[in-house]
>>> print(open('coords-v1.cif').read())   # mmCIF, C-alpha atoms and all ligand atoms
data_my_file
loop_
_atom_site.group_PDB
_atom_site.id
_atom_site.type_symbol
_atom_site.label_atom_id
_atom_site.label_comp_id
_atom_site.auth_asym_id
_atom_site.auth_seq_id
_atom_site.Cartn_x
_atom_site.Cartn_y
_atom_site.Cartn_z
ATOM 1 C CA MET A 1 83.794 122.112 107.806
ATOM 2 C CA ASP A 2 86.624 123.505 105.762
ATOM 3 C CA PHE A 3 87.709 127.149 105.902
ATOM 4 C CA THR A 4 90.928 126.746 103.959
ATOM 5 C CA GLY A 5 92.200 130.113 102.762
ATOM 6 C CA ARG A 6 89.325 132.096 104.269
ATOM 7 C CA THR A 7 90.188 135.287 106.097
ATOM 8 C CA VAL A 8 88.619 135.203 109.539
ATOM 9 C CA ALA A 9 88.727 138.037 112.090
ATOM 10 C CA VAL A 10 87.840 137.380 115.725
ATOM 11 C CA THR A 11 87.574 140.007 118.470
ATOM 12 C CA GLY A 12 88.077 139.240 122.150
ATOM 13 C CA ALA A 13 90.183 136.179 121.378
ATOM 14 C CA ALA A 14 92.467 136.062 124.421
ATOM 15 C CA MET A 15 90.369 133.535 126.335
ATOM 16 C CA GLY A 16 87.051 131.751 126.560
ATOM 17 C CA PHE A 17 84.815 131.724 123.507
ATOM 18 C CA GLY A 18 87.063 133.923 121.403
ATOM 19 C CA ARG A 19 90.061 131.646 121.923
ATOM 20 C CA ALA A 20 88.027 128.527 121.081
ATOM 21 C CA ILE A 21 86.554 130.236 118.009
ATOM 22 C CA ALA A 22 89.903 131.481 116.710
ATOM 23 C CA ARG A 23 91.646 128.137 117.205
ATOM 24 C CA SER A 24 88.752 126.180 115.689
ATOM 25 C CA PHE A 25 88.864 128.272 112.516
ATOM 26 C CA ALA A 26 92.649 127.933 112.361
ATOM 27 C CA GLU A 27 92.418 124.150 112.745
ATOM 28 C CA ARG A 28 90.167 124.134 109.684
ATOM 29 C CA GLY A 29 92.557 126.044 107.485
ATOM 30 C CA ALA A 30 91.466 129.663 107.930
ATOM 31 C CA ARG A 31 93.848 132.608 108.033
ATOM 32 C CA VAL A 32 92.844 133.901 111.440
ATOM 33 C CA PHE A 33 93.390 137.424 112.737
ATOM 34 C CA ALA A 34 92.627 137.880 116.422
ATOM 35 C CA CYS A 35 92.515 140.920 118.667
ATOM 36 C CA ASP A 36 92.006 141.586 122.360
ATOM 37 C CA ILE A 37 93.125 144.004 125.044
ATOM 38 C CA ASP A 38 94.958 141.139 126.779
ATOM 39 C CA ALA A 39 98.296 140.629 124.988
ATOM 40 C CA ALA A 40 99.423 137.695 127.117
ATOM 41 C CA GLY A 41 96.127 135.880 126.607
ATOM 42 C CA LEU A 42 96.320 136.493 122.874
ATOM 43 C CA ALA A 43 99.790 134.974 122.803
ATOM 44 C CA GLY A 44 98.377 131.877 124.469
ATOM 45 C CA THR A 45 95.625 131.673 121.852
ATOM 46 C CA ALA A 46 98.133 131.950 119.018
ATOM 47 C CA SER A 47 100.644 129.518 120.496
ATOM 48 C CA GLY A 48 101.353 126.661 118.090
ATOM 49 C CA THR A 49 99.139 128.174 115.379
ATOM 50 C CA SER A 50 99.482 130.720 112.580
ATOM 51 C CA ILE A 51 96.936 133.055 114.171
ATOM 52 C CA VAL A 52 97.976 136.712 113.756
ATOM 53 C CA THR A 53 97.345 138.803 116.853
ATOM 54 C CA ASP A 54 96.983 142.471 117.709
ATOM 55 C CA ALA A 55 96.530 143.759 121.260
ATOM 56 C CA PHE A 56 94.586 146.987 121.754
ATOM 57 C CA ASP A 57 91.495 148.445 123.423
ATOM 58 C CA LEU A 58 88.477 147.865 121.179
ATOM 59 C CA THR A 59 86.598 150.761 122.738
ATOM 60 C CA ASP A 60 88.959 152.984 120.738
ATOM 61 C CA ARG A 61 86.899 153.021 117.547
ATOM 62 C CA ALA A 62 89.611 154.515 115.370
ATOM 63 C CA ARG A 63 92.024 151.814 116.521
ATOM 64 C CA ALA A 64 89.380 149.154 115.880
ATOM 65 C CA ALA A 65 88.932 150.426 112.315
ATOM 66 C CA ALA A 66 92.704 150.502 111.852
ATOM 67 C CA TRP A 67 92.839 146.828 112.876
ATOM 68 C CA VAL A 68 90.334 145.982 110.153
ATOM 69 C CA ARG A 69 92.399 147.922 107.604
ATOM 70 C CA GLY A 70 95.480 146.010 108.756
ATOM 71 C CA VAL A 71 93.752 142.641 108.372
ATOM 72 C CA GLU A 72 92.628 143.566 104.867
ATOM 73 C CA ALA A 73 96.127 144.693 103.914
ATOM 74 C CA ALA A 74 97.804 141.611 105.354
ATOM 75 C CA SER A 75 95.370 139.174 103.750
ATOM 76 C CA GLY A 76 95.135 141.066 100.474
ATOM 77 C CA GLY A 77 91.355 141.131 100.468
ATOM 78 C CA PRO A 78 88.192 141.524 102.509
ATOM 79 C CA ILE A 79 87.482 139.904 105.836
ATOM 80 C CA GLN A 80 85.350 136.920 104.840
ATOM 81 C CA VAL A 81 84.213 135.917 108.306
ATOM 82 C CA LEU A 82 83.922 138.487 111.088
ATOM 83 C CA VAL A 83 83.196 137.302 114.616
ATOM 84 C CA ASN A 84 82.333 140.094 117.048
ATOM 85 C CA ASN A 85 82.920 138.240 120.282
ATOM 86 C CA ALA A 86 84.532 140.813 122.588
ATOM 87 C CA GLY A 87 82.153 141.843 125.294
ATOM 88 C CA GLY A 88 81.212 141.197 128.848
ATOM 89 C CA MET A 89 80.382 142.821 132.140
ATOM 90 C CA ARG A 90 83.596 144.817 132.507
ATOM 91 C CA GLY A 91 84.089 143.690 136.073
ATOM 92 C CA GLN A 92 80.708 144.909 137.211
ATOM 93 C CA HIS A 93 78.139 143.218 139.406
ATOM 94 C CA GLY A 94 74.401 143.684 139.692
ATOM 95 C CA LYS A 95 73.121 146.562 141.802
ATOM 96 C CA PRO A 96 69.944 148.680 142.061
ATOM 97 C CA VAL A 97 69.360 150.871 139.020
ATOM 98 C CA GLU A 98 69.615 154.068 141.076
ATOM 99 C CA ALA A 99 73.148 153.119 142.083
ATOM 100 C CA VAL A 100 74.443 152.658 138.529
ATOM 101 C CA SER A 101 76.770 155.458 137.394
ATOM 102 C CA ASP A 102 76.965 156.925 133.894
ATOM 103 C CA GLU A 103 80.496 155.553 133.640
ATOM 104 C CA GLU A 104 79.404 152.017 134.474
ATOM 105 C CA TRP A 105 76.538 152.130 131.967
ATOM 106 C CA ASP A 106 78.735 153.615 129.239
ATOM 107 C CA ALA A 107 81.605 151.181 129.806
ATOM 108 C CA ILE A 108 79.460 148.173 129.001
ATOM 109 C CA PHE A 109 77.849 149.751 125.943
ATOM 110 C CA ALA A 110 81.252 150.910 124.681
ATOM 111 C CA LEU A 111 82.498 147.349 124.436
ATOM 112 C CA ASN A 112 79.396 145.246 123.767
ATOM 113 C CA VAL A 113 77.649 147.535 121.280
ATOM 114 C CA ASP A 114 79.917 150.348 120.110
ATOM 115 C CA ALA A 115 82.927 148.129 119.360
ATOM 116 C CA THR A 116 80.743 145.642 117.483
ATOM 117 C CA PHE A 117 79.387 148.542 115.440
ATOM 118 C CA ALA A 118 82.798 150.080 114.829
ATOM 119 C CA VAL A 119 84.465 146.869 113.653
ATOM 120 C CA THR A 120 81.519 145.928 111.458
ATOM 121 C CA ARG A 121 81.328 149.410 109.940
ATOM 122 C CA ALA A 122 84.993 149.182 109.014
ATOM 123 C CA ALA A 123 84.721 145.666 107.550
ATOM 124 C CA ALA A 124 81.492 146.121 105.594
ATOM 125 C CA PRO A 125 82.717 148.055 102.504
ATOM 126 C CA ALA A 126 85.232 145.423 101.386
ATOM 127 C CA MET A 127 82.798 142.625 102.181
ATOM 128 C CA LYS A 128 80.120 144.368 100.105
ATOM 129 C CA ALA A 129 82.507 144.832 97.205
ATOM 130 C CA ALA A 130 83.265 141.095 97.337
ATOM 131 C CA ARG A 131 79.518 140.389 97.469
ATOM 132 C CA ARG A 132 80.125 137.705 100.041
ATOM 133 C CA GLY A 133 80.659 137.555 103.794
ATOM 134 C CA ARG A 134 79.672 136.187 107.140
ATOM 135 C CA ILE A 135 79.221 138.171 110.319
ATOM 136 C CA VAL A 136 78.558 136.391 113.607
ATOM 137 C CA ASN A 137 77.920 138.478 116.710
ATOM 138 C CA ILE A 138 78.205 136.820 120.102
ATOM 139 C CA SER A 139 75.324 138.077 122.224
ATOM 140 C CA SER A 140 73.852 136.213 125.200
ATOM 141 C CA GLY A 141 70.697 134.738 126.650
ATOM 142 C CA ALA A 142 70.419 138.301 127.955
ATOM 143 C CA ALA A 143 69.656 139.343 124.356
ATOM 144 C CA PHE A 144 66.146 137.930 124.673
ATOM 145 C CA ARG A 145 65.361 137.796 128.394
ATOM 146 C CA PRO A 146 66.508 139.385 131.667
ATOM 147 C CA SER A 147 70.071 138.629 132.701
ATOM 148 C CA ARG A 148 70.894 136.572 135.747
ATOM 149 C CA THR A 149 73.755 139.032 136.293
ATOM 150 C CA ARG A 150 71.138 141.697 137.172
ATOM 151 C CA ILE A 151 73.346 144.203 135.290
ATOM 152 C CA GLN A 152 70.958 146.502 133.443
ATOM 153 C CA ALA A 153 73.503 147.681 130.891
ATOM 154 C CA TYR A 154 74.624 144.127 130.136
ATOM 155 C CA CYS A 155 71.087 142.998 129.334
ATOM 156 C CA SER A 156 70.289 146.176 127.391
ATOM 157 C CA SER A 157 73.511 146.005 125.403
ATOM 158 C CA LYS A 158 72.993 142.386 124.412
ATOM 159 C CA HIS A 159 69.443 143.228 123.288
ATOM 160 C CA ALA A 160 71.084 145.950 121.190
ATOM 161 C CA VAL A 161 73.445 143.425 119.626
ATOM 162 C CA LEU A 162 70.412 141.398 118.567
ATOM 163 C CA GLY A 163 68.825 144.500 117.059
ATOM 164 C CA LEU A 164 72.010 145.411 115.211
ATOM 165 C CA THR A 165 72.227 141.839 113.921
ATOM 166 C CA ARG A 166 68.720 141.935 112.504
ATOM 167 C CA GLN A 167 69.099 145.396 110.980
ATOM 168 C CA LEU A 168 72.420 144.602 109.332
ATOM 169 C CA ALA A 169 71.059 141.324 107.975
ATOM 170 C CA MET A 170 68.453 143.332 106.056
ATOM 171 C CA GLU A 171 70.979 145.908 104.896
ATOM 172 C CA LEU A 172 73.785 143.560 103.891
ATOM 173 C CA GLY A 173 71.757 140.612 102.598
ATOM 174 C CA PRO A 174 71.560 142.041 99.059
ATOM 175 C CA PHE A 175 75.366 141.970 99.030
ATOM 176 C CA GLY A 176 75.542 138.267 99.820
ATOM 177 C CA ILE A 177 76.467 138.854 103.453
ATOM 178 C CA THR A 178 74.745 136.984 106.266
ATOM 179 C CA VAL A 179 74.557 138.429 109.785
ATOM 180 C CA ASN A 180 73.580 136.225 112.716
ATOM 181 C CA THR A 181 74.064 136.053 116.449
ATOM 182 C CA VAL A 182 74.966 133.198 118.768
ATOM 183 C CA ALA A 183 73.325 133.604 122.180
ATOM 184 C CA PRO A 184 75.302 131.530 124.699
ATOM 185 C CA GLY A 185 74.070 130.308 128.045
ATOM 186 C CA LEU A 186 76.325 130.356 131.095
ATOM 187 C CA VAL A 187 79.844 129.045 130.536
ATOM 188 C CA LEU A 188 82.481 129.278 133.273
ATOM 189 C CA THR A 189 85.132 130.874 131.079
ATOM 190 C CA ASP A 190 87.053 132.727 133.784
ATOM 191 C CA ALA A 191 87.848 132.733 137.476
ATOM 192 C CA ASP A 192 85.174 135.337 138.268
ATOM 193 C CA LYS A 193 82.389 133.276 136.720
ATOM 194 C CA GLN A 194 83.779 130.113 138.319
ATOM 195 C CA ALA A 195 83.884 131.814 141.737
ATOM 196 C CA THR A 196 80.283 133.004 141.369
ATOM 197 C CA TRP A 197 79.219 129.460 140.491
ATOM 198 C CA ASP A 198 81.240 127.944 143.346
ATOM 199 C CA ALA A 199 79.671 130.381 145.806
ATOM 200 C CA MET A 200 76.208 129.098 144.960
ATOM 201 C CA SER A 201 74.696 126.484 147.254
ATOM 202 C CA ALA A 202 74.398 122.930 145.944
ATOM 203 C CA GLU A 203 70.630 123.448 145.829
ATOM 204 C CA ARG A 204 70.946 126.571 143.646
ATOM 205 C CA GLN A 205 73.389 124.860 141.333
ATOM 206 C CA ALA A 206 71.042 121.889 141.006
ATOM 207 C CA PHE A 207 68.130 124.243 140.297
ATOM 208 C CA ALA A 208 70.131 126.024 137.587
ATOM 209 C CA LEU A 209 71.177 122.765 135.964
ATOM 210 C CA GLY A 210 67.604 121.492 136.250
ATOM 211 C CA ASN A 211 66.514 124.340 133.987
ATOM 212 C CA ILE A 212 68.884 123.165 131.267
ATOM 213 C CA ALA A 213 67.456 120.338 129.175
ATOM 214 C CA LEU A 214 70.833 118.677 128.711
ATOM 215 C CA GLY A 215 71.611 119.010 132.418
ATOM 216 C CA ARG A 216 75.035 120.633 132.176
ATOM 217 C CA LEU A 217 76.655 124.013 131.701
ATOM 218 C CA GLY A 218 78.098 124.818 128.298
ATOM 219 C CA GLU A 219 81.728 124.765 127.255
ATOM 220 C CA ALA A 220 83.573 127.279 125.104
ATOM 221 C CA GLN A 221 83.786 124.711 122.320
ATOM 222 C CA ASP A 222 79.984 124.493 122.210
ATOM 223 C CA ILE A 223 79.894 128.191 121.337
ATOM 224 C CA ALA A 224 82.730 127.852 118.827
ATOM 225 C CA ASP A 225 80.966 124.987 117.061
ATOM 226 C CA ALA A 226 77.794 127.039 116.593
ATOM 227 C CA THR A 227 79.807 130.008 115.363
ATOM 228 C CA LEU A 228 81.616 127.907 112.772
ATOM 229 C CA PHE A 229 78.306 126.519 111.573
ATOM 230 C CA LEU A 230 76.877 130.017 111.018
ATOM 231 C CA ALA A 231 80.088 131.001 109.213
ATOM 232 C CA SER A 232 80.038 127.933 106.997
ATOM 233 C CA ASP A 233 78.535 127.303 103.592
ATOM 234 C CA MET A 234 75.973 125.061 105.307
ATOM 235 C CA ALA A 235 74.386 128.207 106.780
ATOM 236 C CA LYS A 236 74.313 130.125 103.499
ATOM 237 C CA PHE A 237 70.550 130.768 103.647
ATOM 238 C CA ILE A 238 70.400 131.733 107.334
ATOM 239 C CA SER A 239 70.492 135.437 108.177
ATOM 240 C CA GLY A 240 69.141 137.795 110.805
ATOM 241 C CA GLN A 241 68.786 134.919 113.233
ATOM 242 C CA MET A 242 69.644 134.317 116.853
ATOM 243 C CA LEU A 243 70.912 130.860 117.733
ATOM 244 C CA PRO A 244 70.674 130.176 121.475
ATOM 245 C CA VAL A 245 73.424 127.756 122.493
ATOM 246 C CA ASN A 246 72.473 126.870 126.032
ATOM 247 C CA GLY A 247 71.716 123.161 126.224
ATOM 248 C CA GLY A 248 67.993 123.798 126.027
ATOM 249 C CA SER A 249 67.292 126.508 128.576
ATOM 250 C CA PHE A 250 63.858 128.025 128.908
HETATM 251 N N1 LIG B 301 80.747 133.116 129.535
HETATM 252 C C1 LIG B 301 79.456 133.227 129.542
HETATM 253 O O1 LIG B 301 78.771 132.617 130.363
HETATM 254 C C2 LIG B 301 78.767 134.094 128.507
HETATM 255 C C3 LIG B 301 77.378 133.916 128.362
HETATM 256 C C4 LIG B 301 76.724 134.686 127.404
HETATM 257 C C5 LIG B 301 77.435 135.576 126.616
HETATM 258 N N2 LIG B 301 78.774 135.723 126.772
HETATM 259 C C6 LIG B 301 79.473 136.654 125.872
HETATM 260 O O2 LIG B 301 80.410 135.938 125.127
HETATM 261 C C7 LIG B 301 81.527 136.781 124.805
HETATM 262 C C8 LIG B 301 82.796 136.110 125.274
HETATM 263 O O3 LIG B 301 82.673 135.815 126.648
HETATM 264 P P1 LIG B 301 83.773 135.014 127.482
HETATM 265 O O4 LIG B 301 83.085 134.505 128.690
HETATM 266 O O5 LIG B 301 84.492 134.068 126.600
HETATM 267 O O6 LIG B 301 84.862 136.125 127.898
HETATM 268 P P2 LIG B 301 84.727 137.552 128.628
HETATM 269 O O7 LIG B 301 83.350 138.065 128.494
HETATM 270 O O8 LIG B 301 85.241 137.478 129.997
HETATM 271 O O9 LIG B 301 85.758 138.426 127.751
HETATM 272 C C9 LIG B 301 85.833 138.348 126.372
HETATM 273 C C10 LIG B 301 87.165 138.887 125.881
HETATM 274 O O10 LIG B 301 87.021 140.297 125.647
HETATM 275 C C11 LIG B 301 88.253 140.906 125.988
HETATM 276 N N3 LIG B 301 88.077 142.340 126.254
HETATM 277 C C12 LIG B 301 87.528 142.900 127.352
HETATM 278 N N4 LIG B 301 87.580 144.236 127.250
HETATM 279 C C13 LIG B 301 88.178 144.528 126.064
HETATM 280 C C14 LIG B 301 88.521 145.728 125.401
HETATM 281 N N5 LIG B 301 88.238 146.925 125.940
HETATM 282 N N6 LIG B 301 89.122 145.641 124.198
HETATM 283 C C15 LIG B 301 89.426 144.442 123.652
HETATM 284 N N7 LIG B 301 89.113 143.269 124.240
HETATM 285 C C16 LIG B 301 88.499 143.315 125.429
HETATM 286 C C17 LIG B 301 88.717 140.158 127.208
HETATM 287 O O11 LIG B 301 90.108 140.344 127.447
HETATM 288 C C18 LIG B 301 88.346 138.721 126.865
HETATM 289 O O12 LIG B 301 89.411 138.052 126.223
HETATM 290 C C19 LIG B 301 81.240 138.125 125.451
HETATM 291 O O13 LIG B 301 80.634 138.997 124.500
HETATM 292 C C20 LIG B 301 80.248 137.765 126.560
HETATM 293 O O14 LIG B 301 79.421 138.853 126.898
HETATM 294 C C21 LIG B 301 79.459 134.995 127.710
#
>>> encode(input="coords-v1.cif", output="structure tokens", more="lines below")
Ligand SMILES: NC(=O)c1ccc[n+]([C@@H]2O[C@H](COP(=O)([O-])OP(=O)(O)OC[C@H]3O[C@@H](n4cnc5c(N)ncnc54)[C@H](O)[C@@H]3O)[C@@H](O)[C@H]2O)c1
Amino acid sequence: MDFTGRTVAVTGAAMGFGRAIARSFAERGARVFACDIDAAGLAGTASGTSIVTDAFDLTDRARAAAWVRGVEAASGGPIQVLVNNAGGMRGQHGKPVEAVSDEEWDAIFALNVDATFAVTRAAAPAMKAARRGRIVNISSGAAFRPSRTRIQAYCSSKHAVLGLTRQLAMELGPFGITVNTVAPGLVLTDADKQATWDAMSAERQAFALGNIALGRLGEAQDIADATLFLASDMAKFISGQMLPVNGGSF
């Protein structure tokens, strides 16, 4: 896959999937613009590459839109591939619904849904004018079934990302823009997820792996590979779709 000269924007690129996605595009010739709240992590992503970084809080919608404007100005044209990857559980853990505060609920929606909306809204006009574009939203297995995290807002927000993906595919399709979502299974991208996995008994780990056809957890590169496919010319007639990348998990 060759992305030479394409302008690619990736959110949440300081670690995990976002880092693998940004670096994979850069390795294939893209002009990559990456953002995240974590400046040090972003620097690690960009190290040894030409990836252009910007550190800010994506829940600030005006700042998110300004980032898009900056990418367009620096590249001299529209964003050609937008990857809305930033998201997550915002440090939360599952608890009974009656114990969830407004702030906890809102914090997850602000990042997983509102930031995806804000960045896409800002990028869409130039993409439409170019009559070409690719948008890939990173959702989750929690976009189509309950979440093992037991976090209500996480599951609800990822379902919302799927809905936004489908709606925007209908709206932007006439402009030559595809909109799809990659739905990853569990990948131990950070210490918190690793610690949760390590705390599980050997029996529970074996049960979890037994429910994955390929018998292993995913890796960040697995998610990056699927994202690049959906952004490539090979996926030019695929839109409004969810691609689970979970090793065959049912
Ligand atoms: N790792 C998994 O098992 C898994 C599974 C399914 C879906 N996902 C989704 O994949 C995406 C990437 O997950 P991950 O595990 O690589 O990393 P993650 O979910 O821990 O974090 C993603 C990135 O978002 C950044 N971020 C957090 N808050 C931000 C903010 N306010 N503004 C800007 N950036 C912010 C973080 O610094 C991090 O670099 C997320 O949307 C996540 O929900 C992950």
>>> closest_residue(input="coords-v1.cif", among="A:Ala86, A:Ala206, A:Val71, A:Val81", to="ligand LIG 301 (chain B)", atoms="only C-alpha atoms and all ligand atoms")
A:Ala86
>>> resolve_selection(input="coords-v1.cif", expression="the PyMOL selection byres (((chain A and resi 43-50) around 8) and not hetatm)", output="compact mmCIF listing (two decimals) with C-alpha atoms, in the frame of the given file")
# COMPACT_ATOMS: atom_id res chain seq x y z
CA ALA A 13 90.18 136.18 121.38
CA ALA A 14 92.47 136.06 124.42
CA MET A 15 90.37 133.54 126.34
CA ARG A 19 90.06 131.65 121.92
CA ALA A 22 89.90 131.48 116.71
CA ARG A 23 91.65 128.14 117.20
CA ALA A 26 92.65 127.93 112.36
CA ARG A 31 93.85 132.61 108.03
CA VAL A 32 92.84 133.90 111.44
CA ALA A 39 98.30 140.63 124.99
CA ALA A 40 99.42 137.70 127.12
CA GLY A 41 96.13 135.88 126.61
CA LEU A 42 96.32 136.49 122.87
CA ILE A 51 96.94 133.06 114.17
CA VAL A 52 97.98 136.71 113.76
CA THR A 53 97.34 138.80 116.85
>>> atom_distance(input="coords-v1.cif", atom1="atom O5 of ligand LIG 301 (chain B)", atom2="CA of Leu172 (chain A)")
26.8 Å
>>> resolve_selection(input="coords-v1.cif", expression="the PyMOL selection byres (((chain A and resi 116-133) around 7) and not hetatm)", output="PyMOL selection string")
chain A and resi 61+64-65+68+78-81+84+112-115+134-135+175-178
>>> residues_around(input="coords-v1.cif", residues="Asp54 (chain A)", least_positions_apart="2", cutoff="9 Å", atoms="all atoms listed in the file", output="ChimeraX atom specification")
/A:33-37,39,42,52,56,67
>>> closest_residue(input="coords-v1.cif", among="A:Asn211, A:Ser139, A:Asn180, A:Thr4", to="ligand LIG 301 (chain B)", atoms="only C-alpha atoms and all ligand atoms")
A:Ser139
>>> atom_distance(input="coords-v1.cif", atom1="atom N1 of ligand LIG 301 (chain B)", atom2="CA of Val8 (chain A)")
21.6 Å
>>> residues_near_ligand(input="coords-v1.cif", ligand="ligand LIG 301 (chain B)", cutoff="6 Å", atoms="all atoms listed in the file", output="MDAnalysis selection string")
chainID A and resid 12:18 36:38 57:59 85:88 111 138:140 184:189
>>> atom_distance(input="coords-v1.cif", atom1="CA of Gly5 (chain A)", atom2="CA of Ile21 (chain A)")
16.3 Å
>>> closest_residue(input="coords-v1.cif", among="A:Ser75, A:Thr149, A:Ala62, A:Ala142", to="Lys95 (chain A)", atoms="all atoms listed in the file")
A:Thr149
>>> residues_around(input="coords-v1.cif", residues="region 106-108 of chain A", least_positions_apart="3", cutoff="7 Å", atoms="only C-alpha atoms", output="VMD selection string")
chain A and resid 89 to 90 102 to 103 111 to 112 153 to 154
>>> residues_around(input="coords-v1.cif", residues="Ala143 (chain A)", least_positions_apart="4", cutoff="10 Å", atoms="all atoms listed in the file", output="compact mmCIF listing (two decimals) with C-alpha atoms, keeping the file's coordinate frame")
# COMPACT_ATOMS: atom_id res chain seq x y z
CA ILE A 138 78.20 136.82 120.10
CA SER A 139 75.32 138.08 122.22
CA SER A 147 70.07 138.63 132.70
CA TYR A 154 74.62 144.13 130.14
CA CYS A 155 71.09 143.00 129.33
CA SER A 156 70.29 146.18 127.39
CA SER A 157 73.51 146.00 125.40
CA LYS A 158 72.99 142.39 124.41
CA HIS A 159 69.44 143.23 123.29
CA ALA A 160 71.08 145.95 121.19
CA VAL A 161 73.44 143.43 119.63
CA LEU A 162 70.41 141.40 118.57
CA GLY A 163 68.82 144.50 117.06
CA THR A 181 74.06 136.05 116.45
CA VAL A 182 74.97 133.20 118.77
CA ALA A 183 73.32 133.60 122.18
CA PRO A 184 75.30 131.53 124.70
CA MET A 242 69.64 134.32 116.85
CA PRO A 244 70.67 130.18 121.48
>>> residues_around(input="coords-v1.cif", residues="Phe250 (chain A)", least_positions_apart="3", cutoff="10 Å", atoms="all atoms listed in the file", output="count of residues only")
7
>>> closest_residue(input="coords-v1.cif", among="A:Phe144, A:Ala9, A:Leu243, A:Ile151", to="Leu230 (chain A)", atoms="all atoms listed in the file")
A:Leu243
>>> closest_residue(input="coords-v1.cif", among="A:Ala199, A:Val83, A:Ala20, A:Thr11", to="Ala231 (chain A)", atoms="all atoms listed in the file")
A:Val83
>>> residues_near_point(input="coords-v1.cif", point="(88.3, 130.0, 107.9)", cutoff="6 Å", atoms="only C-alpha atoms", output="number ranges by chain")
A: 3-4, 6-8, 25, 29-30
>>> closest_residue(input="coords-v1.cif", among="A:Ser232, A:Ser201, A:Asn137, A:Ser101", to="Leu168 (chain A)", atoms="only C-alpha atoms")
A:Asn137
>>> decode(input="coords-v1.cif", residues="region 212-224 of chain A", atoms="N, CA, C and O atoms", output="PDB file, in the first residue's frame")
ATOM      1  N   ILE A 212     -11.350 -16.561  21.303  1.00  0.00           N
ATOM      2  CA  ILE A 212     -10.768 -15.887  20.137  1.00  0.00           C
ATOM      3  C   ILE A 212     -10.293 -16.971  19.174  1.00  0.00           C
ATOM      4  O   ILE A 212      -9.467 -17.815  19.533  1.00  0.00           O
ATOM      5  N   ALA A 213     -10.843 -16.952  17.960  1.00  0.00           N
ATOM      6  CA  ALA A 213     -10.563 -18.041  17.019  1.00  0.00           C
ATOM      7  C   ALA A 213      -9.070 -18.240  16.820  1.00  0.00           C
ATOM      8  O   ALA A 213      -8.590 -19.376  16.760  1.00  0.00           O
ATOM      9  N   LEU A 214      -8.322 -17.153  16.725  1.00  0.00           N
ATOM     10  CA  LEU A 214      -6.893 -17.275  16.459  1.00  0.00           C
ATOM     11  C   LEU A 214      -6.075 -17.496  17.734  1.00  0.00           C
ATOM     12  O   LEU A 214      -4.853 -17.621  17.678  1.00  0.00           O
ATOM     13  N   GLY A 215      -6.740 -17.517  18.883  1.00  0.00           N
ATOM     14  CA  GLY A 215      -6.098 -17.942  20.117  1.00  0.00           C
ATOM     15  C   GLY A 215      -5.070 -17.001  20.706  1.00  0.00           C
ATOM     16  O   GLY A 215      -4.237 -17.406  21.521  1.00  0.00           O
ATOM     17  N   ARG A 216      -5.116 -15.733  20.321  1.00  0.00           N
ATOM     18  CA  ARG A 216      -4.197 -14.754  20.917  1.00  0.00           C
ATOM     19  C   ARG A 216      -4.871 -13.393  20.991  1.00  0.00           C
ATOM     20  O   ARG A 216      -5.865 -13.148  20.294  1.00  0.00           O
ATOM     21  N   LEU A 217      -4.328 -12.529  21.857  1.00  0.00           N
ATOM     22  CA  LEU A 217      -4.784 -11.146  21.873  1.00  0.00           C
ATOM     23  C   LEU A 217      -4.215 -10.425  20.662  1.00  0.00           C
ATOM     24  O   LEU A 217      -3.247 -10.872  20.048  1.00  0.00           O
ATOM     25  N   GLY A 218      -4.831  -9.295  20.321  1.00  0.00           N
ATOM     26  CA  GLY A 218      -4.350  -8.515  19.191  1.00  0.00           C
ATOM     27  C   GLY A 218      -3.136  -7.692  19.551  1.00  0.00           C
ATOM     28  O   GLY A 218      -2.741  -7.576  20.731  1.00  0.00           O
ATOM     29  N   GLU A 219      -2.525  -7.124  18.521  1.00  0.00           N
ATOM     30  CA  GLU A 219      -1.417  -6.187  18.689  1.00  0.00           C
ATOM     31  C   GLU A 219      -1.788  -4.889  17.988  1.00  0.00           C
ATOM     32  O   GLU A 219      -2.618  -4.886  17.060  1.00  0.00           O
ATOM     33  N   ALA A 220      -1.160  -3.807  18.412  1.00  0.00           N
ATOM     34  CA  ALA A 220      -1.489  -2.501  17.819  1.00  0.00           C
ATOM     35  C   ALA A 220      -1.343  -2.532  16.295  1.00  0.00           C
ATOM     36  O   ALA A 220      -2.130  -1.920  15.569  1.00  0.00           O
ATOM     37  N   GLN A 221      -0.352  -3.266  15.817  1.00  0.00           N
ATOM     38  CA  GLN A 221      -0.136  -3.310  14.368  1.00  0.00           C
ATOM     39  C   GLN A 221      -1.309  -3.965  13.639  1.00  0.00           C
ATOM     40  O   GLN A 221      -1.607  -3.612  12.488  1.00  0.00           O
ATOM     41  N   ASP A 222      -1.980  -4.900  14.307  1.00  0.00           N
ATOM     42  CA  ASP A 222      -3.164  -5.518  13.683  1.00  0.00           C
ATOM     43  C   ASP A 222      -4.223  -4.454  13.386  1.00  0.00           C
ATOM     44  O   ASP A 222      -4.895  -4.484  12.346  1.00  0.00           O
ATOM     45  N   ILE A 223      -4.377  -3.523  14.313  1.00  0.00           N
ATOM     46  CA  ILE A 223      -5.376  -2.463  14.152  1.00  0.00           C
ATOM     47  C   ILE A 223      -4.909  -1.470  13.079  1.00  0.00           C
ATOM     48  O   ILE A 223      -5.696  -1.007  12.246  1.00  0.00           O
ATOM     49  N   ALA A 224      -3.613  -1.170  13.095  1.00  0.00           N
ATOM     50  CA  ALA A 224      -3.074  -0.254  12.085  1.00  0.00           C
ATOM     51  C   ALA A 224      -3.247  -0.838  10.683  1.00  0.00           C
ATOM     52  O   ALA A 224      -3.632  -0.119   9.750  1.00  0.00           O
TER      53      ALA A 224
END
